[in-house]
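This is protein.txt (compact mmCIF, C-alpha atoms).
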```txt
# COMPACT_ATOMS: atom_id res chain seq x y z
CA MET A 100 -10.05 -6.71 47.35
CA LEU A 101 -8.27 -4.01 45.37
CA GLN A 102 -9.11 -4.12 41.66
CA VAL A 103 -6.71 -2.73 39.09
CA PHE A 104 -8.46 -1.52 35.97
CA PRO A 105 -6.58 -1.73 32.67
CA PHE A 106 -5.20 1.59 31.49
CA PRO A 107 -7.12 2.51 28.31
CA LEU A 108 -5.16 1.91 25.14
CA PHE A 109 -6.22 5.28 23.75
CA THR A 110 -4.71 7.00 26.79
CA TRP A 111 -1.39 5.28 26.15
CA PHE A 112 -1.43 6.45 22.52
CA PHE A 113 -2.33 9.99 23.54
CA PHE A 114 0.43 10.04 26.17
CA LEU A 115 2.95 8.80 23.59
CA PHE A 116 1.70 11.41 21.13
CA ILE A 117 2.21 14.24 23.65
CA LEU A 118 5.65 12.92 24.60
CA VAL A 119 6.91 12.76 21.01
CA ILE A 120 5.61 16.22 20.14
CA TYR A 121 7.15 17.71 23.28
CA TRP A 122 10.50 16.07 22.47
CA LYS A 123 10.47 17.38 18.90
CA ARG A 124 9.52 20.90 19.98
CA SER A 125 12.23 21.01 22.65
CA LYS A 126 14.78 19.74 20.12
CA ALA A 127 13.83 22.46 17.66
CA LYS A 128 14.11 25.30 20.19
CA GLY A 129 17.84 25.54 19.62
CA GLN A 130 17.33 26.24 15.91
CA VAL A 131 17.00 29.98 15.31
CA GLN A 132 14.78 30.88 12.35
CA LYS A 133 13.86 34.27 10.99
CA LEU A 134 10.13 33.94 10.47
CA PRO A 135 7.35 36.37 9.56
CA PRO A 136 4.76 37.36 12.18
CA GLY A 137 1.70 35.25 12.88
CA PRO A 138 -1.22 34.78 15.26
CA TRP A 139 -0.88 33.22 18.70
CA LYS A 140 -0.85 29.44 18.75
CA LEU A 141 -1.94 26.67 21.08
CA PRO A 142 0.34 23.87 22.30
CA LEU A 143 0.45 20.80 20.01
CA ILE A 144 -2.16 21.95 17.48
CA GLY A 145 -0.72 25.40 16.76
CA ASN A 146 -3.18 27.47 14.73
CA LEU A 147 -5.47 24.65 13.62
CA HIS A 148 -8.28 25.90 15.85
CA GLN A 149 -8.42 29.09 13.76
CA LEU A 150 -9.09 27.17 10.54
CA VAL A 151 -11.03 23.97 11.19
CA PHE A 152 -14.12 25.56 12.75
CA SER A 153 -14.75 28.06 9.94
CA LEU A 154 -14.26 28.54 6.21
CA PRO A 155 -10.45 28.40 5.84
CA HIS A 156 -10.19 30.97 3.04
CA ARG A 157 -12.14 33.55 5.04
CA SER A 158 -10.14 32.85 8.19
CA LEU A 159 -6.90 33.26 6.26
CA SER A 160 -8.15 36.54 4.79
CA ASP A 161 -9.03 37.88 8.25
CA LEU A 162 -5.67 36.79 9.67
CA ALA A 163 -3.79 38.38 6.76
CA GLN A 164 -5.46 41.73 7.46
CA LYS A 165 -4.13 41.58 11.02
CA HIS A 166 -0.65 40.13 10.43
CA GLY A 167 0.25 41.32 6.95
CA PRO A 168 0.72 39.78 3.47
CA ILE A 169 3.35 37.32 4.77
CA MET A 170 2.57 35.41 7.95
CA GLN A 171 3.34 32.10 9.59
CA LEU A 172 0.88 29.50 10.81
CA GLN A 173 1.68 26.39 12.81
CA LEU A 174 -0.47 23.49 11.59
CA GLY A 175 0.38 20.73 14.03
CA GLU A 176 4.05 19.96 13.32
CA VAL A 177 3.97 21.72 9.96
CA LEU A 178 5.11 25.32 9.68
CA ALA A 179 3.23 27.09 6.89
CA ILE A 180 4.08 30.48 5.40
CA ILE A 181 0.93 32.17 4.07
CA ILE A 182 1.29 34.76 1.29
CA SER A 183 -1.72 36.87 0.35
CA SER A 184 -0.18 39.63 -1.77
CA PRO A 185 0.08 39.20 -5.58
CA LYS A 186 3.34 41.18 -5.59
CA VAL A 187 4.92 38.95 -2.95
CA VAL A 188 3.62 35.81 -4.69
CA GLU A 189 5.33 36.94 -7.90
CA GLU A 190 8.58 37.52 -6.02
CA VAL A 191 8.39 34.09 -4.39
CA LEU A 192 7.64 32.24 -7.63
CA LYS A 193 10.26 34.08 -9.68
CA THR A 194 13.08 35.11 -7.34
CA HIS A 195 12.94 32.31 -4.75
CA ASP A 196 11.44 29.55 -6.89
CA THR A 197 14.32 27.11 -6.32
CA ALA A 198 14.27 27.49 -2.54
CA LEU A 199 10.52 26.80 -2.47
CA ALA A 200 10.36 24.18 -5.22
CA ASN A 201 9.58 21.17 -3.02
CA ARG A 202 6.02 20.01 -2.39
CA PRO A 203 4.56 19.31 1.06
CA ILE A 204 4.57 15.78 2.47
CA ILE A 205 1.02 14.43 2.09
CA LEU A 206 0.07 10.83 2.85
CA ALA A 207 -2.55 10.60 0.08
CA VAL A 208 -0.04 11.84 -2.49
CA GLU A 209 2.66 9.44 -1.27
CA VAL A 210 0.34 6.47 -1.74
CA MET A 211 -1.32 7.52 -4.98
CA SER A 212 1.88 8.72 -6.70
CA TYR A 213 3.90 5.61 -5.80
CA ASP A 214 5.97 7.29 -3.09
CA ASN A 215 6.22 10.66 -4.87
CA SER A 216 7.84 9.18 -7.97
CA GLY A 217 5.84 11.33 -10.44
CA ILE A 218 6.97 14.69 -11.74
CA VAL A 219 4.31 16.71 -9.91
CA PHE A 220 5.26 15.73 -6.34
CA ALA A 221 8.81 14.43 -6.73
CA PRO A 222 11.38 16.27 -4.56
CA TYR A 223 13.32 18.95 -6.40
CA GLY A 224 16.66 17.53 -7.55
CA ASP A 225 18.36 15.49 -10.27
CA TYR A 226 15.51 12.97 -10.53
CA TRP A 227 12.91 15.73 -10.93
CA ARG A 228 15.02 17.52 -13.56
CA GLN A 229 15.37 14.27 -15.51
CA MET A 230 11.61 13.67 -15.36
CA ARG A 231 10.93 17.23 -16.47
CA LYS A 232 13.32 16.85 -19.40
CA ILE A 233 11.53 13.67 -20.53
CA CYS A 234 8.10 15.31 -20.24
CA VAL A 235 9.13 18.43 -22.16
CA SER A 236 10.95 16.60 -24.96
CA LYS A 237 8.84 13.43 -25.31
CA LEU A 238 5.34 14.04 -23.96
CA LEU A 239 4.63 17.77 -24.18
CA SER A 240 6.58 18.81 -27.27
CA ALA A 241 4.65 20.82 -29.88
CA LYS A 242 4.81 17.90 -32.32
CA ARG A 243 3.51 15.40 -29.75
CA VAL A 244 0.68 17.67 -28.58
CA GLN A 245 -0.36 18.34 -32.18
CA SER A 246 -0.44 14.60 -32.93
CA PHE A 247 -3.32 14.20 -30.48
CA SER A 248 -5.38 17.10 -31.89
CA ARG A 249 -7.77 14.75 -33.71
CA ILE A 250 -8.52 12.90 -30.47
CA ARG A 251 -9.26 16.15 -28.67
CA GLU A 252 -11.52 17.38 -31.47
CA GLU A 253 -13.48 14.11 -31.57
CA GLU A 254 -14.03 13.98 -27.82
CA VAL A 255 -15.02 17.66 -27.63
CA ASN A 256 -17.54 17.05 -30.45
CA ASN A 257 -18.89 14.04 -28.54
CA LEU A 258 -19.24 16.21 -25.44
CA VAL A 259 -21.13 18.92 -27.35
CA LYS A 260 -23.45 16.32 -28.93
CA SER A 261 -24.13 14.73 -25.55
CA ILE A 262 -25.05 18.11 -24.08
CA SER A 263 -27.27 19.07 -27.03
CA LEU A 264 -29.16 15.76 -26.81
CA SER A 265 -29.98 16.57 -23.19
CA GLU A 266 -31.84 19.77 -24.08
CA GLY A 267 -34.50 20.56 -21.50
CA VAL A 268 -33.14 17.95 -19.09
CA PRO A 269 -30.88 18.77 -16.11
CA ILE A 270 -27.34 17.42 -16.59
CA ASN A 271 -24.26 17.12 -14.43
CA LEU A 272 -21.80 19.14 -16.51
CA SER A 273 -18.87 18.35 -14.20
CA GLU A 274 -19.32 14.61 -14.74
CA LYS A 275 -19.53 15.02 -18.52
CA ILE A 276 -16.38 17.15 -18.64
CA PHE A 277 -14.57 14.71 -16.35
CA SER A 278 -15.62 11.81 -18.59
CA SER A 279 -14.52 13.66 -21.73
CA THR A 280 -11.14 14.52 -20.20
CA ASN A 281 -10.68 10.90 -19.13
CA CYS A 282 -11.41 9.70 -22.68
CA ILE A 283 -8.88 12.13 -24.17
CA ALA A 284 -6.15 11.08 -21.72
CA SER A 285 -6.91 7.38 -22.17
CA ARG A 286 -6.92 7.48 -25.98
CA ALA A 287 -3.70 9.51 -26.02
CA ALA A 288 -1.95 7.18 -23.55
CA ILE A 289 -3.08 3.69 -24.63
CA GLY A 290 -4.87 4.28 -27.93
CA LYS A 291 -8.39 3.42 -26.73
CA LYS A 292 -11.09 4.53 -24.33
CA CYS A 293 -10.86 3.42 -20.73
CA LYS A 294 -12.85 0.34 -19.78
CA TYR A 295 -14.69 0.57 -16.46
CA GLU A 296 -14.77 4.36 -16.85
CA LYS A 297 -17.50 4.95 -14.26
CA GLU A 298 -15.67 2.84 -11.66
CA PHE A 299 -12.40 4.60 -12.46
CA ILE A 300 -13.90 8.09 -12.07
CA SER A 301 -15.68 7.05 -8.87
CA LEU A 302 -12.38 5.84 -7.38
CA ILE A 303 -10.63 9.08 -8.36
CA LYS A 304 -13.35 11.10 -6.62
CA GLU A 305 -13.10 8.90 -3.53
CA MET A 306 -9.35 9.41 -3.50
CA PHE A 307 -9.73 13.22 -3.61
CA THR A 308 -12.32 13.08 -0.83
CA LEU A 309 -9.96 11.10 1.41
CA GLY A 310 -6.97 13.27 0.60
CA GLY A 311 -8.70 16.63 0.99
CA GLY A 312 -8.93 18.76 4.13
CA PHE A 313 -6.91 18.50 7.34
CA ASP A 314 -5.69 14.97 8.07
CA LEU A 315 -3.74 13.96 11.17
CA PRO A 316 -1.01 12.06 9.26
CA ASP A 317 -0.27 15.20 7.20
CA LEU A 318 -0.30 17.55 10.19
CA PHE A 319 2.05 15.32 12.22
CA PRO A 320 4.23 13.68 9.52
CA SER A 321 6.84 12.38 11.99
CA LEU A 322 4.23 10.16 13.67
CA LYS A 323 3.96 7.55 10.94
CA PHE A 324 1.64 5.34 12.99
CA LEU A 325 -1.18 7.91 12.65
CA GLY A 326 -1.73 6.80 9.06
CA PHE A 327 -2.48 3.29 10.30
CA LEU A 328 -4.30 4.39 13.45
CA THR A 329 -6.79 6.54 11.53
CA GLY A 330 -7.26 3.88 8.83
CA MET A 331 -6.47 6.43 6.13
CA LYS A 332 -3.38 4.66 4.77
CA SER A 333 -5.16 1.31 4.35
CA ALA A 334 -8.15 3.04 2.69
CA LEU A 335 -5.88 4.83 0.22
CA GLU A 336 -3.92 1.65 -0.54
CA LYS A 337 -7.19 -0.17 -1.24
CA ILE A 338 -8.18 2.51 -3.77
CA GLN A 339 -4.69 2.38 -5.29
CA LYS A 340 -4.95 -1.38 -5.85
CA GLN A 341 -8.34 -0.98 -7.56
CA LEU A 342 -6.98 1.78 -9.81
CA ASP A 343 -3.93 -0.35 -10.66
CA ARG A 344 -6.22 -3.24 -11.59
CA ILE A 345 -8.22 -1.04 -13.98
CA LEU A 346 -5.06 0.44 -15.52
CA ASP A 347 -3.50 -3.02 -15.97
CA GLU A 348 -6.62 -4.40 -17.65
CA ASN A 349 -6.77 -1.41 -20.00
CA THR A 350 -3.07 -1.56 -20.81
CA ASN A 351 -2.69 -5.31 -21.24
CA GLY A 352 -6.22 -6.26 -22.28
CA PRO A 353 -7.68 -6.30 -25.80
```
Could you show the structure in this file as structure tokens?
Amino acid sequence: MLQVFPFPLFTWFFFLFILVIYWKRSKAKGQVQKLPPGPWKLPLIGNLHQLVFSLPHRSLSDLAQKHGPIMQLQLGEVLAIIISSPKVVEEVLKTHDTALANRPIILAVEVMSYDNSGIVFAPYGDYWRQMRKICVSKLLSAKRVQSFSRIREEEVNNLVKSISLSEGVPINLSEKIFSSTNCIASRAAIGKKCKYEKEFISLIKEMFTLGGGFDLPDLFPSLKFLGFLTGMKSALEKIQKQLDRILDENTNGP
């Protein structure tokens, strides 16, 4: 009797993945772009193979020596322009700052910044300009910054005392500075130190670990299902809920 084995689910996903990428690439062929030179690229993954198997900063330095101070890299679906010359960087940030003002689309940032609603990752436009105006006039004005000087002085003194009391004993300076910075921000924002500080800092570190490096959802942003397939989106949302709980308890609690 002839047996028909079920087609593996992973194979279906991979086939769909290839099909969508091929369709997007063929659709983009008609769009003519004037781009800087760059290294040869592989189908689908582009230049990822030149970065993921070595130290990225060294690979980029080697590639820049071959292709010049301005080069293009294809990171999955994402086209990246790499600039390695201080002079060109200055020109980009001063002359073409408006054209390059937007931030990249990153899943971790979308989740943790409430769908890019904060000033750092919000798209450049009227909303961003309004947020910037509020920050400059209300949060970062000279008068406002000076009003928190006592808090900064107290927390820096606490940090120095903590370090001096640990004389002769190894300490984790990064953790102490992180804790001190957290205390300053918390006291300035809500008038008191953050409860559950260790848990809060641990969650922040976990968030950065998840959001760092090369992640499939960021390299292929049009394939939204990758965030669910890899489990990254659910993991980030779980951290977000825990951070929200801590912030709510600190804001509304005694």
Computed interatomic separation between CA of Leu239 in chain A and CA of Gln339 in chain A (Å)
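CA of Gln339 in chain A lies at a distance of 26.1 Å from CA of Leu239 in chain A.
CA of Thr308 in chain A to CA of Ile205 in chain A spans 13.7 Å [interatomic distance, one decimal].
The space separating CA of Asn201 in chain A from CA of Tyr223 in chain A comes to 5.5 Å.
Closest approach to Cys282 in chain A from the set A:Leu258, A:Lys304, A:Pro142, A:Pro269 is made by A:Leu258, with distances taken over all atoms listed in the file.
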Excluding Ile300 in chain A and any residue of its chain fewer than 3 positions from it, enumerate the residues within 10 Å of it, using only C-alpha atoms, and give them as a ChimeraX atom specification.
/A:274,277-278,281,295-297,303-306,342
Just to be explicit: take each residue in the selection above, keep C-alpha atoms, and write the result as a tab-separated table (two decimals), in the coordinates of the input.
```
chain	number	residue	atom	x	y	z
A	274	GLU	CA	-19.32	14.61	-14.74
A	277	PHE	CA	-14.57	14.71	-16.35
A	278	SER	CA	-15.62	11.81	-18.59
A	281	ASN	CA	-10.68	10.90	-19.13
A	295	TYR	CA	-14.69	0.57	-16.46
A	296	GLU	CA	-14.77	4.36	-16.85
A	297	LYS	CA	-17.50	4.95	-14.26
A	303	ILE	CA	-10.63	9.08	-8.36
A	304	LYS	CA	-13.35	11.10	-6.62
A	305	GLU	CA	-13.10	8.90	-3.53
A	306	MET	CA	-9.35	9.41	-3.50
A	342	LEU	CA	-6.98	1.78	-9.81
```
Around all the atoms of range 176-190 of chain A listed in the file, draw an axis-aligned box and extend it by 6 Å on each of the six sides; I want its centre and edge lengths in Å to one decimal, as AutoDock Vina command-line options.
```
--center_x 3.4 --center_y 30.6 --center_z 2.7 --size_x 22.3 --size_y 33.2 --size_z 33.2
```
Between A:Gly312, A:Gly145, A:Gly217, A:Pro138, which has the minimum distance to Gln173 in chain A (counting all atoms listed in the file)?
A:Gly145
Any idea what's packed within 10 Å of Pro168 in chain A, counting all atoms listed in the file, ignoring anything in its chain fewer than 6 positions away? Could you give it as an mmCIF file with C-alpha atoms, in the frame of the given file?
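Just written: part.cif:
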```cif
data_model
loop_
_atom_site.group_PDB
_atom_site.id
_atom_site.type_symbol
_atom_site.label_atom_id
_atom_site.label_comp_id
_atom_site.auth_asym_id
_atom_site.auth_seq_id
_atom_site.Cartn_x
_atom_site.Cartn_y
_atom_site.Cartn_z
ATOM 1 C CA PRO A 135 7.350 36.370 9.560
ATOM 2 C CA PRO A 136 4.760 37.360 12.180
ATOM 3 C CA SER A 160 -8.150 36.540 4.790
ATOM 4 C CA LEU A 162 -5.670 36.790 9.670
ATOM 5 C CA ILE A 181 0.930 32.170 4.070
ATOM 6 C CA ILE A 182 1.290 34.760 1.290
ATOM 7 C CA SER A 183 -1.720 36.870 0.350
ATOM 8 C CA SER A 184 -0.180 39.630 -1.770
ATOM 9 C CA PRO A 185 0.080 39.200 -5.580
ATOM 10 C CA LYS A 186 3.340 41.180 -5.590
ATOM 11 C CA VAL A 187 4.920 38.950 -2.950
ATOM 12 C CA VAL A 188 3.620 35.810 -4.690
#
```
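Between Phe307 in chain A and the candidates A:Leu335, A:Leu143, A:Leu272, A:Ser158, the tightest atom-to-atom separation, counting only C-alpha atoms, involves A:Leu335.
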Of the candidates A:Trp227, A:Leu206, A:Glu253, A:Ala287, which shows the shortest atom-to-atom distance to Thr329 in chain A, using only C-alpha atoms?
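Among the listed residues, A:Leu206 lies closest to Thr329 in chain A.
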If we count only C-alpha atoms and set the cut-off at 10 Å, which residues sit around Phe247 in chain A, ignoring sequence neighbours fewer than 5 positions away in its own chain? Please answer as a CSV table (one decimal) with C-alpha atoms, in the frame of the given file.
```csv
chain,number,residue,atom,x,y,z
A,242,LYS,CA,4.8,17.9,-32.3
A,252,GLU,CA,-11.5,17.4,-31.5
A,283,ILE,CA,-8.9,12.1,-24.2
A,284,ALA,CA,-6.2,11.1,-21.7
A,286,ARG,CA,-6.9,7.5,-26.0
A,287,ALA,CA,-3.7,9.5,-26.0
A,288,ALA,CA,-2.0,7.2,-23.6
```
Rank nothing, just name the residue among A:Ala163, A:Val177, A:Met170, A:Ile276 nearest to Asn256 in chain A, using all atoms listed in the file.
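Closest candidate: A:Ile276.
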Student task, range 276-320 of chain A output with C-alpha atoms as a PDB file, in the first residue's frame:
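Below is the file that was written, selection.pdb:
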```
ATOM      1  CA  ILE A 276      26.642  52.834  38.256  1.00  0.00           C
ATOM      2  CA  PHE A 277      23.488  51.336  36.735  1.00  0.00           C
ATOM      3  CA  SER A 278      21.842  51.300  40.172  1.00  0.00           C
ATOM      4  CA  SER A 279      22.890  54.889  40.868  1.00  0.00           C
ATOM      5  CA  THR A 280      21.565  56.071  37.499  1.00  0.00           C
ATOM      6  CA  ASN A 281      18.288  54.245  38.128  1.00  0.00           C
ATOM      7  CA  CYS A 282      17.917  55.961  41.512  1.00  0.00           C
ATOM      8  CA  ILE A 283      18.530  59.402  39.997  1.00  0.00           C
ATOM      9  CA  ALA A 284      15.977  58.836  37.223  1.00  0.00           C
ATOM     10  CA  SER A 285      13.408  57.375  39.625  1.00  0.00           C
ATOM     11  CA  ARG A 286      13.701  60.166  42.194  1.00  0.00           C
ATOM     12  CA  ALA A 287      13.514  62.815  39.471  1.00  0.00           C
ATOM     13  CA  ALA A 288      10.470  61.203  37.816  1.00  0.00           C
ATOM     14  CA  ILE A 289       8.331  60.054  40.766  1.00  0.00           C
ATOM     15  CA  GLY A 290      10.017  61.617  43.797  1.00  0.00           C
ATOM     16  CA  LYS A 291      11.270  58.376  45.370  1.00  0.00           C
ATOM     17  CA  LYS A 292      13.600  55.465  44.775  1.00  0.00           C
ATOM     18  CA  CYS A 293      12.364  52.583  42.669  1.00  0.00           C
ATOM     19  CA  LYS A 294      10.941  49.609  44.532  1.00  0.00           C
ATOM     20  CA  TYR A 295      12.014  46.211  43.208  1.00  0.00           C
ATOM     21  CA  GLU A 296      15.175  47.819  41.828  1.00  0.00           C
ATOM     22  CA  LYS A 297      17.082  44.560  41.348  1.00  0.00           C
ATOM     23  CA  GLU A 298      14.177  42.980  39.460  1.00  0.00           C
ATOM     24  CA  PHE A 299      13.775  46.114  37.341  1.00  0.00           C
ATOM     25  CA  ILE A 300      17.469  46.227  36.377  1.00  0.00           C
ATOM     26  CA  SER A 301      17.466  42.484  35.670  1.00  0.00           C
ATOM     27  CA  LEU A 302      14.508  42.895  33.292  1.00  0.00           C
ATOM     28  CA  ILE A 303      16.204  45.805  31.513  1.00  0.00           C
ATOM     29  CA  LYS A 304      19.326  43.689  30.976  1.00  0.00           C
ATOM     30  CA  GLU A 305      17.218  40.790  29.693  1.00  0.00           C
ATOM     31  CA  MET A 306      15.478  43.151  27.291  1.00  0.00           C
ATOM     32  CA  PHE A 307      18.810  44.386  25.884  1.00  0.00           C
ATOM     33  CA  THR A 308      20.034  40.807  25.521  1.00  0.00           C
ATOM     34  CA  LEU A 309      16.944  39.849  23.520  1.00  0.00           C
ATOM     35  CA  GLY A 310      17.046  42.976  21.388  1.00  0.00           C
ATOM     36  CA  GLY A 311      20.766  42.900  20.606  1.00  0.00           C
ATOM     37  CA  GLY A 312      22.464  41.258  17.630  1.00  0.00           C
ATOM     38  CA  PHE A 313      20.925  40.019  14.394  1.00  0.00           C
ATOM     39  CA  ASP A 314      17.304  38.919  14.769  1.00  0.00           C
ATOM     40  CA  LEU A 315      15.189  37.444  11.968  1.00  0.00           C
ATOM     41  CA  PRO A 316      12.170  39.738  12.571  1.00  0.00           C
ATOM     42  CA  ASP A 317      14.426  42.798  12.156  1.00  0.00           C
ATOM     43  CA  LEU A 318      16.206  41.472   9.067  1.00  0.00           C
ATOM     44  CA  PHE A 319      12.928  40.569   7.325  1.00  0.00           C
ATOM     45  CA  PRO A 320      10.477  43.201   8.663  1.00  0.00           C
TER      46      PRO A 320
END
```
